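Following: one structure in structure tokens, then a few remarks.
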Number of protein chains: 4
Amino acid sequence: MSLIQPHDPILLISEEGKRYLVFAEPDSAWYTNRGRLPYDDLIGRPYGRIAETHLGQKFLVLRPTTSDLIQHLKRTTQIVYPKDAARLVMELDLMSGKRIIEAGTGSGGLTMAFARAVLPEGRVYSYELREEHQRVARRNLDRLGLLPYVDLKLRDIAEGFDETDVDAVFLDAREAARFVPMAEAALTESGLFAALQPTVNQVSEVVRALEEGNFVEIRVEEVLIRPWKPVPERMRPADRMIAHTGFLIFARKLDASFRTFWLDKRARRRAMEFGKLKNMPPVSGR
Amino acid sequence: MSLIQPHDPILLISEEGKRYLVFAEPDSAWYTNRGRLPYDDLIGRPYGRIAETHLGQKFLVLRPTTSDLIQHLKRTTQIVYPKDAARLVMELDLMSGKRIIEAGTGSGGLTMAFARAVLPEGRVYSYELREEHQRVARRNLDRLGLLPYVDLKLRDIAEGFDETDVDAVFLDAREAARFVPMAEAALTESGLFAALQPTVNQVSEVVRALEEGNFVEIRVEEVLIRPWKPVPERMRPADRMIAHTGFLIFARKLDASFRTFWLDKRARRRAMEFGKLKNMPPVSGR
Amino acid sequence: MSLIQPHDPILLISEEGKRYLVFAEPDSAWYTNRGRLPYDDLIGRPYGRIAETHLGQKFLVLRPTTSDLIQHLKRTTQIVYPKDAARLVMELDLMSGKRIIEAGTGSGGLTMAFARAVLPEGRVYSYELREEHQRVARRNLDRLGLLPYVDLKLRDIAEGFDETDVDAVFLDAREAARFVPMAEAALTESGLFAALQPTVNQVSEVVRALEEGNFVEIRVEEVLIRPWKPVPERMRPADRMIAHTGFLIFARKLDASFRTFWLDKRARRRAMEFGKLKNMPPVSGR
Amino acid sequence: MSLIQPHDPILLISEEGKRYLVFAEPDSAWYTNRGRLPYDDLIGRPYGRIAETHLGQKFLVLRPTTSDLIQHLKRTTQIVYPKDAARLVMELDLMSGKRIIEAGTGSGGLTMAFARAVLPEGRVYSYELREEHQRVARRNLDRLGLLPYVDLKLRDIAEGFDETDVDAVFLDAREAARFVPMAEAALTESGLFAALQPTVNQVSEVVRALEEGNFVEIRVEEVLIRPWKPVPERMRPADRMIAHTGFLIFARKLDASFRTFWLDKRARRRAMEFGKLKNMPPVSGR
């Protein structure tokens, strides 16, 4: 059973379901209108229990997951939602040892998810144009002990990336299409490209840029999570759901000989598209 | 640039978009009705290029991702789809160093995804009842070099798990509800529980079992991927999509004091449910 | 061009997009904190223009559609959403001349949609248990001139329906499964059954009751509307959507010989299920 | 109980769930590789029973609904799916007495749905450019007795429509954006516009054209039907679903004073957008 250490992140949940992300700073306390909770009451004790403020208000004390952190870390920018982050980590094939470029850093929520996926042997190179974002991101990553796995760079990516032969590149920038050639230059052969864009107009531009580069297996998709109300005797989906965050675009880089070899344009488009539904494993009852 | 090593997995894609997962066995070849492709033509050369059979048929030579492997590894059982595997890895908070129990192993597709997520310092304990499944899974994991991170156990989980204080438990079994108490016994406090069940009737049983145990933050959800046709001048979703694989159920274990402390039943149910939509970060335009 | 007549319904939309359903009562006015709008300013003039209150606040003056009315009529009960109402009208094959039973009436929103679909030659028989609901429904239908096409009945449907040989029956009641035999008794052969139920547990009961009766072509489905933000240069789905209102259940009644003739149980279940996806017309590009 | 009349449409469903749409022609028979079924065996008898071929193969004999007819009528063109047709009929506020323009006719499937919605007192004006499509549509409508309610016109709609003051216009044409001004000219004030377009690029053009005209309440949406497997003890969605047919675009025409009055551009855009989610009636448990 792991105990809460000084400076560890903690997720507190009130009886009403409100969620607070705090860090266990010694000699300090969390103040709320429901009372005071000294962090020293939490340090050295396990997660997974109930704590009370001096006014007797109860809170769940949980170890925040990457998903919790994405949603509750301090931020100055729009976040990449856990549903999209999860898909990106899987489809960009991140695991210990992989090297990935991210642009831009934003508040560092996705940087954190990438860093946790590639540590201890991999590395995230994260580019950002605006200093105030990078500052917030650096603070977030530092508090989580992730700075050893991340290079934070303050730079306009129009100048290109410093790294080459990286395993993956992820673009989350307003004009992502402009930066596809820089991504291609940085990627290793068979390397994985991804971008997140909120509008179809932008997606269209990115796909066009990928088609002009040496990319295959171009895919566009949306990730939808449909939450249910977990009441055994009245099972039903929740009334509302998040209908859109952004479109995910995926592609794989090929070496330059692709264009000369693969002459038939229709075959090339086919190659660029994702393996058809018919090639997917069948779903059968169990 | 990484070169293909003997025994490495390779994803071959034909001009028609058909996909084949092969392993680069020296002195051997891949035979297809489109000709013969000796693996020695591939070994020592990079991924991300085009290879030709002796009949001149071209194939893309790609490094298979975890997602590709899940879909194309040899199997004797129903798979857990990449869309669900991605969500599980994120929401179970897997990363290097974590210890997770999986039941059952099946053909090992998800075991592989879990192993890649927790290596090099973590471990997957994977239980399976039927020897023929375990044999296929062992072979799959061995070929991918993942056996050092996995304990394969042939065992009826009704007897309980050997491990305690694990970070996460995942149940993919017909009668998952029966095994929730075993999962609770194995989990550390604040540890993460997940299950995948194809029918609502089963989900209802699992939720009931979780409510009877010391679990909070019970969530049920579906992951839907909506693929688009990536044609810049005619952007539209694909005609068909996979509408259902299974329901994901998540929960977190609390220590036993939870039930005594958190006396108000309505508040407890609220605590058991997932943070409401209103607590989620807003989505704003960019 | 049709002009607004005394007592006609009008949909007013403010500059902020707020919507108000009013009726054009002569010698009367609509009062809002944005000023006073005499109905006599509207009567005798066309829909589809802008009106101003005495404080100069502008409102769109529109003819409310059935869909608007469903959403904005006075009500004491949960409504059936336009998305579901539309599907019901189509799948219950309503058109002028058809006779349909509805239970319960509720506030009459769906009754109105059914009446408009079957008028002038058809009829809606609408059953309700609680007088206060029926009173609201009667007032709503009266204001819209639909009472000539509707029989409102105050009755517990456990006693059965008065009508026989009706073309369609729709059940929107808490324990719909109990009333399936009454629906069967009222329906003509090849007649259409539908129910709306919010939880899967209820759906399961209704399907079971249908299977015990002489029903085929049993279908369960959800209707989802995904709204988009209509901005030409930034096309994207809306951030949020309604994820659930209820499940629709459809079936067709057969004559009693069905059970004796169709002996093979598997074939019968197949017959009861909806025409498979493979039988649906293909979607091709245009 | 209504009996099958000569020439009536019949839906036959085999034990395997295959569906056939036939017409009961006297002195004729339906031939299948499962045997011969004389229509005179069906005429004069009720729908909703089982018939046998001379080889003893059984078929359900059902009265086809509008939805069945849309899917199974002879066609030379892409159909508008029942899910979209239902939404169109509701949102275009069709009922007996309404006058609607449709372009193009195609094979007449949607024309049929519109005619059934507006009969006996309304009328459908359906324009088509290609004679072979119109011929198929005329035959389909004739067999269903719907020609008295439809004007079929062979004409390029670039020349405009003959009708004015119509209640609704529906465009299903490749370059629908070009024809928005013709639609506006034909519509009455507060009249309802709709279009169906398969790609976002086309939708973007139509929305732009609507914004340039006197339209408000511009909405774009997708209708998704999620089918379930109706097995009471194993409730789950179907494995596959139709993910896309087309985008629906709706708008209402205003008189020309709209543009001069409604000066603030942001307010106008707001007016053009659909009533926000917050204005929708709440969904509550029952």
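Naming scheme: A, B, ... for chains in displayed order of the structure tokens; residues 1 onward per chain; ligands 1 onward as shown.
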- Task: Tell me which protein, DNA and RNA residues are within 9 Å of His244 (chain B), counting only C-alpha atoms, leaving out same-chain ones fewer than 6 positions away, and put them as number ranges by chain.
- Result: A: 283; B: 198, 222-224; D: 236-241
Could the residues in this selection be saved with C-alpha atoms as a PDB file, in the first residue's frame?
ATOM      1  CA  VAL A 283     -17.377  -8.816 -33.636  1.00  0.00           C
TER       2      VAL A 283
ATOM      3  CA  PRO B 198     -21.027  -6.947 -23.908  1.00  0.00           C
ATOM      4  CA  GLU B 222     -19.173   3.158 -24.347  1.00  0.00           C
ATOM      5  CA  VAL B 223     -16.331   4.195 -26.627  1.00  0.00           C
ATOM      6  CA  LEU B 224     -17.392   4.974 -30.177  1.00  0.00           C
TER       7      LEU B 224
ATOM      8  CA  ARG D 236     -26.904  -4.832 -26.376  1.00  0.00           C
ATOM      9  CA  PRO D 237     -26.582  -2.547 -29.374  1.00  0.00           C
ATOM     10  CA  ALA D 238     -26.072  -4.155 -32.768  1.00  0.00           C
ATOM     11  CA  ASP D 239     -22.445  -4.620 -33.837  1.00  0.00           C
ATOM     12  CA  ARG D 240     -22.610  -2.321 -36.832  1.00  0.00           C
ATOM     13  CA  MET D 241     -24.620   0.738 -37.726  1.00  0.00           C
TER      14      MET D 241
END
- Could you give me, as number ranges by chain, each residue of region 137-195 of chain D that DSSP assigns to strand (DSSP E) when run on this structure's backbone? D: 150-154, 166-171, 187-195
Please, could you write that set of residues out with C-alpha atoms as an mmCIF file, in the first residue's frame?
data_model
loop_
_atom_site.group_PDB
_atom_site.id
_atom_site.type_symbol
_atom_site.label_atom_id
_atom_site.label_comp_id
_atom_site.auth_asym_id
_atom_site.auth_seq_id
_atom_site.Cartn_x
_atom_site.Cartn_y
_atom_site.Cartn_z
ATOM 1 C CA VAL D 150 -47.903 14.953 -57.050
ATOM 2 C CA ASP D 151 -46.877 17.167 -59.969
ATOM 3 C CA LEU D 152 -43.877 15.589 -61.655
ATOM 4 C CA LYS D 153 -41.878 18.159 -63.621
ATOM 5 C CA LEU D 154 -39.031 17.486 -66.010
ATOM 6 C CA VAL D 166 -45.183 27.176 -50.995
ATOM 7 C CA ASP D 167 -44.901 26.001 -47.401
ATOM 8 C CA ALA D 168 -41.683 24.086 -47.842
ATOM 9 C CA VAL D 169 -38.830 23.401 -50.249
ATOM 10 C CA PHE D 170 -36.513 20.433 -50.107
ATOM 11 C CA LEU D 171 -33.304 20.288 -52.151
ATOM 12 C CA LEU D 187 -41.224 29.970 -50.354
ATOM 13 C CA THR D 188 -43.870 31.815 -48.412
ATOM 14 C CA GLU D 189 -42.757 33.980 -45.515
ATOM 15 C CA SER D 190 -41.918 31.801 -42.500
ATOM 16 C CA GLY D 191 -41.698 28.935 -44.998
ATOM 17 C CA LEU D 192 -39.397 26.028 -44.324
ATOM 18 C CA PHE D 193 -36.267 25.133 -46.261
ATOM 19 C CA ALA D 194 -34.367 21.856 -46.077
ATOM 20 C CA ALA D 195 -31.537 20.221 -47.985
#
Counting only C-alpha atoms, what is within 9 Å of region 93-96 of chain C, bar same-chain residues fewer than 5 positions away, as a PDB file with C-alpha atoms, in the first residue's frame?
ATOM      1  CA  LEU C  88     -42.631   7.259 -34.508  1.00  0.00           C
ATOM      2  CA  PHE C 114     -50.156  12.098 -34.236  1.00  0.00           C
ATOM      3  CA  ARG C 116     -51.620  16.294 -37.459  1.00  0.00           C
ATOM      4  CA  ALA C 117     -50.279  13.172 -39.173  1.00  0.00           C
ATOM      5  CA  VAL C 118     -53.636  11.378 -39.465  1.00  0.00           C
ATOM      6  CA  LEU C 119     -55.995  14.297 -40.117  1.00  0.00           C
ATOM      7  CA  PRO C 120     -58.419  14.926 -41.714  1.00  0.00           C
ATOM      8  CA  GLU C 121     -59.632  11.358 -42.121  1.00  0.00           C
ATOM      9  CA  GLY C 122     -57.909   9.479 -39.323  1.00  0.00           C
ATOM     10  CA  ARG C 123     -58.278   9.510 -35.565  1.00  0.00           C
ATOM     11  CA  ASP C 167     -53.647   0.544 -37.424  1.00  0.00           C
ATOM     12  CA  ALA C 168     -51.197   1.430 -34.682  1.00  0.00           C
ATOM     13  CA  LEU C 192     -47.886  -1.538 -35.920  1.00  0.00           C
TER      14      LEU C 192
ATOM     15  CA  PRO D  64     -45.471  -2.374 -46.323  1.00  0.00           C
ATOM     16  CA  THR D  65     -45.017   0.889 -44.456  1.00  0.00           C
ATOM     17  CA  THR D  66     -43.701   4.058 -46.054  1.00  0.00           C
ATOM     18  CA  SER D  67     -40.380   3.126 -44.509  1.00  0.00           C
ATOM     19  CA  MET D  95     -49.431  17.584 -42.956  1.00  0.00           C
ATOM     20  CA  SER D  96     -52.582  17.458 -45.003  1.00  0.00           C
ATOM     21  CA  ARG D 116     -48.421  10.536 -47.963  1.00  0.00           C
ATOM     22  CA  ALA D 117     -47.726  13.287 -45.426  1.00  0.00           C
ATOM     23  CA  VAL D 118     -49.608  16.058 -47.270  1.00  0.00           C
ATOM     24  CA  LEU D 119     -52.531  14.092 -48.745  1.00  0.00           C
ATOM     25  CA  PRO D 120     -55.432  14.467 -49.330  1.00  0.00           C
TER      26      PRO D 120
END
- Message: I'd like the contact shell of Ala24 (chain C) - 7 Å cut-off, only C-alpha atoms, skipping same-chain residues fewer than 6 positions apart - returned as JSON, numbers by chain.
- Response: {"C": [6, 7, 8, 9, 39, 43]}
Writing out the chosen residues with N, CA and C atoms as a short mmCIF file (atom, residue, chain, number, x, y, z; two decimals), in the first residue's frame:
data_model
loop_
_atom_site.label_atom_id
_atom_site.label_comp_id
_atom_site.auth_asym_id
_atom_site.auth_seq_id
_atom_site.Cartn_x
_atom_site.Cartn_y
_atom_site.Cartn_z
N PRO C 6 -56.86 35.45 -35.64
CA PRO C 6 -57.06 35.47 -34.19
C PRO C 6 -56.91 34.06 -33.60
N HIS C 7 -56.24 33.97 -32.45
CA HIS C 7 -56.01 32.71 -31.71
C HIS C 7 -54.93 31.83 -32.32
N ASP C 8 -54.33 32.24 -33.42
CA ASP C 8 -53.28 31.42 -34.03
C ASP C 8 -52.05 31.35 -33.12
N PRO C 9 -51.35 30.24 -33.15
CA PRO C 9 -50.10 30.15 -32.39
C PRO C 9 -48.99 30.91 -33.12
N TYR C 39 -51.18 41.85 -29.50
CA TYR C 39 -51.42 40.82 -30.52
C TYR C 39 -52.11 41.41 -31.75
N ILE C 43 -52.05 40.23 -35.71
CA ILE C 43 -53.21 39.63 -36.40
C ILE C 43 -53.45 40.33 -37.73
#
- Task: For chain B, report every residue with an atom at most 12 Å from chain D (counting only C-alpha atoms), formatted as a PyMOL selection string.
- Result: chain B and resi 174+197-204+222+224-247
Take the residues that were just selected and, keeping N, CA and C atoms, output them as a short mmCIF file (atom, residue, chain, number, x, y, z; two decimals), in the first residue's frame.
data_model
loop_
_atom_site.label_atom_id
_atom_site.label_comp_id
_atom_site.auth_asym_id
_atom_site.auth_seq_id
_atom_site.Cartn_x
_atom_site.Cartn_y
_atom_site.Cartn_z
N ARG B 174 -17.07 -13.87 -18.56
CA ARG B 174 -18.51 -13.94 -18.78
C ARG B 174 -19.32 -13.49 -17.57
N GLN B 197 -17.97 -5.67 -20.57
CA GLN B 197 -19.06 -6.62 -20.66
C GLN B 197 -19.91 -6.27 -21.89
N PRO B 198 -20.29 -7.28 -22.68
CA PRO B 198 -21.03 -6.95 -23.91
C PRO B 198 -22.49 -6.57 -23.71
N THR B 199 -23.14 -7.04 -22.66
CA THR B 199 -24.57 -6.76 -22.54
C THR B 199 -24.88 -5.89 -21.33
N VAL B 200 -25.99 -5.16 -21.43
CA VAL B 200 -26.41 -4.30 -20.33
C VAL B 200 -26.78 -5.13 -19.11
N ASN B 201 -27.35 -6.31 -19.36
CA ASN B 201 -27.71 -7.18 -18.24
C ASN B 201 -26.48 -7.50 -17.40
N GLN B 202 -25.36 -7.81 -18.06
CA GLN B 202 -24.14 -8.09 -17.32
C GLN B 202 -23.62 -6.85 -16.60
N VAL B 203 -23.68 -5.73 -17.28
CA VAL B 203 -23.21 -4.48 -16.68
C VAL B 203 -23.97 -4.21 -15.38
N SER B 204 -25.27 -4.42 -15.45
CA SER B 204 -26.11 -4.20 -14.29
C SER B 204 -25.63 -5.06 -13.11
N GLU B 222 -19.47 3.78 -23.07
CA GLU B 222 -19.17 3.16 -24.35
C GLU B 222 -18.20 4.06 -25.09
N LEU B 224 -17.01 5.06 -28.77
CA LEU B 224 -17.39 4.97 -30.18
C LEU B 224 -16.36 5.72 -31.01
N ILE B 225 -15.89 5.06 -32.05
CA ILE B 225 -14.99 5.74 -32.98
C ILE B 225 -15.76 5.97 -34.27
N ARG B 226 -15.82 7.22 -34.69
CA ARG B 226 -16.51 7.52 -35.94
C ARG B 226 -15.47 7.85 -37.00
N PRO B 227 -15.27 6.93 -37.94
CA PRO B 227 -14.26 7.17 -38.98
C PRO B 227 -14.80 8.07 -40.09
N TRP B 228 -13.94 8.88 -40.65
CA TRP B 228 -14.28 9.76 -41.78
C TRP B 228 -13.53 9.29 -43.03
N LYS B 229 -14.08 9.65 -44.17
CA LYS B 229 -13.37 9.44 -45.43
C LYS B 229 -12.44 10.62 -45.65
N PRO B 230 -11.13 10.35 -45.70
CA PRO B 230 -10.19 11.47 -45.74
C PRO B 230 -9.97 12.01 -47.15
N VAL B 231 -11.01 12.60 -47.73
CA VAL B 231 -10.90 13.21 -49.06
C VAL B 231 -11.13 14.71 -48.90
N PRO B 232 -10.07 15.51 -49.07
CA PRO B 232 -10.15 16.93 -48.69
C PRO B 232 -11.34 17.68 -49.29
N GLU B 233 -11.69 17.40 -50.52
CA GLU B 233 -12.75 18.18 -51.16
C GLU B 233 -14.13 17.56 -50.97
N ARG B 234 -14.18 16.42 -50.30
CA ARG B 234 -15.48 15.78 -50.03
C ARG B 234 -15.46 15.15 -48.64
N MET B 235 -15.30 15.96 -47.65
CA MET B 235 -15.19 15.46 -46.29
C MET B 235 -16.54 14.93 -45.80
N ARG B 236 -16.55 13.67 -45.39
CA ARG B 236 -17.78 13.07 -44.85
C ARG B 236 -17.43 11.85 -44.01
N PRO B 237 -18.25 11.54 -43.04
CA PRO B 237 -18.02 10.32 -42.26
C PRO B 237 -18.12 9.09 -43.17
N ALA B 238 -17.50 8.01 -42.74
CA ALA B 238 -17.64 6.74 -43.46
C ALA B 238 -19.09 6.28 -43.38
N ASP B 239 -19.51 5.44 -44.31
CA ASP B 239 -20.90 4.98 -44.37
C ASP B 239 -21.28 4.11 -43.17
N ARG B 240 -20.36 3.29 -42.76
CA ARG B 240 -20.64 2.33 -41.70
C ARG B 240 -19.67 2.54 -40.55
N MET B 241 -20.07 2.14 -39.37
CA MET B 241 -19.14 2.14 -38.25
C MET B 241 -19.46 0.99 -37.31
N ILE B 242 -18.48 0.67 -36.48
CA ILE B 242 -18.70 -0.33 -35.45
C ILE B 242 -19.53 0.34 -34.36
N ALA B 243 -20.71 -0.20 -34.11
CA ALA B 243 -21.64 0.46 -33.20
C ALA B 243 -21.52 -0.06 -31.78
N HIS B 244 -20.93 -1.23 -31.64
CA HIS B 244 -20.85 -1.80 -30.28
C HIS B 244 -19.81 -2.90 -30.21
N THR B 245 -18.99 -2.83 -29.19
CA THR B 245 -18.11 -3.95 -28.86
C THR B 245 -18.45 -4.39 -27.43
N GLY B 246 -18.46 -3.43 -26.53
CA GLY B 246 -18.81 -3.76 -25.15
C GLY B 246 -18.91 -2.50 -24.33
N PHE B 247 -19.44 -2.65 -23.15
CA PHE B 247 -19.52 -1.55 -22.19
C PHE B 247 -18.30 -1.61 -21.28
#
